Amino acid sequence: MSTYAHSQPAAPILVATDLSAQGDRALDRAVALARTQGARLIAMHVMEPGMPAGAGGAPAWHRLSEDHRAWARYRLRLDLDAAGIDCDIRVESGDAAEQILAAAQASACGLVVTGVGRNESLGKLLLGSTVRKLVRQSAAPVLVVKNRPHGPYPKGIVATDFSPESGHALRLAAGLLPGTALTLFHACDTVLGMPGDAAHAPEALQRDLDNEMRRFLEAQGDLPPGVPADTVVQYGEPETVLSEYVFQQRCDLVIAGAQRMKGIMGAMVGSVAERLLESLPSDVMLVRGQPTP
């Protein structure tokens, strides 16, 4: 039997929301994923000291009060009552990243979902240091939702540098998104500085990359039939060519491993993380590499 069959109950999904409009997109995506996987959904709102007056829509003097806690639970209950899924609503106080990490670990979550919002406290943090902290420390992948869901993801791009971390990202995406057509994408930043696709590459270089792609896929073991649906190699700076490819293909989701300081994987957890998250028009799932034994 395939290791991707749903023979065991799905791990819970945690969605962190600041109750903004952007947070609603993340909540809707998390609900859809939980329904598809038959997973329990943990909906979490963190009340942070210093939260700006516009966050969540409540008056500033209610920010850390019991009234705001009750109001946040009421808002989430309204959103989730008709969802038809098993859900758990939590409203906590403190540092957003610490609370999210603690909850995800305690509940053995299989996925953490959040939105972005440049003018909202939680969203702003998650574009910077908080997202790096989540990706580096969470055993679960982190899905950053930008776009309004319109059903399951029809297609996704798995960025690979042929590392074990990107192999882990591919296997995990295949398990979490069984109905999504996954394209394996490799950006080759050559010393020749050649932008473009494989049709313009020297034959020897393309042959070497084809062999490396084949060895990489063979090392992944029992991937489901049709995974990946396609493989693509392009030449140029990884961040630039990936963003352009996602835009041209109208892709809904990019999945990338985040552990080794190499190519696009290193960019995900390094100083380019905020710029990459902002530049990609798609949702982004960041998958931390498997822990070293």
# chains A, B, ... in the order shown; residues from 1 in each chain; ligands from 1
>>> residues_around(residues="range 76-87 of chain A", least_positions_apart="3", cutoff="6 Å", atoms="only C-alpha atoms", output="list of chain:residue names")
A:Arg40, A:Leu41, A:Ile42, A:Arg73
>>> select_by_dssp(residues="range 147-214 of chain A", states="helix (DSSP H, G or I)", output="list in words")
Pro164, Glu165, Ser166, Gly167, His168, Ala169, Leu170, Arg171, Leu172, Ala173, Ala174, Gly175, Leu176, Ala198, Ala199, His200, Glu203, Ala204, Leu205, Gln206, Arg207, Asp208, Leu209, Asp210, Asn211, Glu212, Met213 and Arg214 of chain A
>>> residues_around(residues="Ser107 in chain A", least_positions_apart="5", cutoff="10 Å", atoms="only C-alpha atoms", output="short mmCIF file (atom, residue, chain, number, x, y, z; two decimals) with N, CA, C and O atoms, in the first residue's frame")
data_model
loop_
_atom_site.label_atom_id
_atom_site.label_comp_id
_atom_site.auth_asym_id
_atom_site.auth_seq_id
_atom_site.Cartn_x
_atom_site.Cartn_y
_atom_site.Cartn_z
N ALA A 11 -3.34 14.51 10.95
CA ALA A 11 -2.88 15.37 12.05
C ALA A 11 -3.68 16.67 12.04
O ALA A 11 -4.13 17.14 10.99
N PRO A 12 -3.87 17.29 13.21
CA PRO A 12 -4.61 18.55 13.25
C PRO A 12 -3.93 19.65 12.43
O PRO A 12 -2.72 19.63 12.22
N ILE A 13 -4.73 20.59 11.97
CA ILE A 13 -4.24 21.78 11.28
C ILE A 13 -4.47 22.98 12.19
O ILE A 13 -5.56 23.15 12.74
N LEU A 14 -3.44 23.80 12.37
CA LEU A 14 -3.57 25.02 13.16
C LEU A 14 -3.60 26.23 12.24
O LEU A 14 -2.72 26.38 11.39
N ILE A 42 -7.60 23.68 14.53
CA ILE A 42 -7.38 24.54 15.69
C ILE A 42 -7.29 25.96 15.18
O ILE A 42 -6.35 26.31 14.46
N ALA A 102 4.09 26.76 20.41
CA ALA A 102 3.72 25.94 21.56
C ALA A 102 2.44 25.15 21.27
O ALA A 102 2.35 23.95 21.57
#
>>> closest_residue(among="A:Pro178, A:Gly257, A:Pro164, A:Pro225", to="Val284 in chain A", atoms="only C-alpha atoms")
A:Gly257
>>> closest_residue(among="A:Val227, A:Leu184, A:Met285, A:Leu143", to="Tyr245 in chain A", atoms="only C-alpha atoms")
A:Leu184
>>> atom_distance(atom1="CA of Arg75 in chain A", atom2="CA of Thr114 in chain A")
16.8 Å
>>> atom_distance(atom1="CA of Trp71 in chain A", atom2="CA of Thr17 in chain A")
13.8 Å
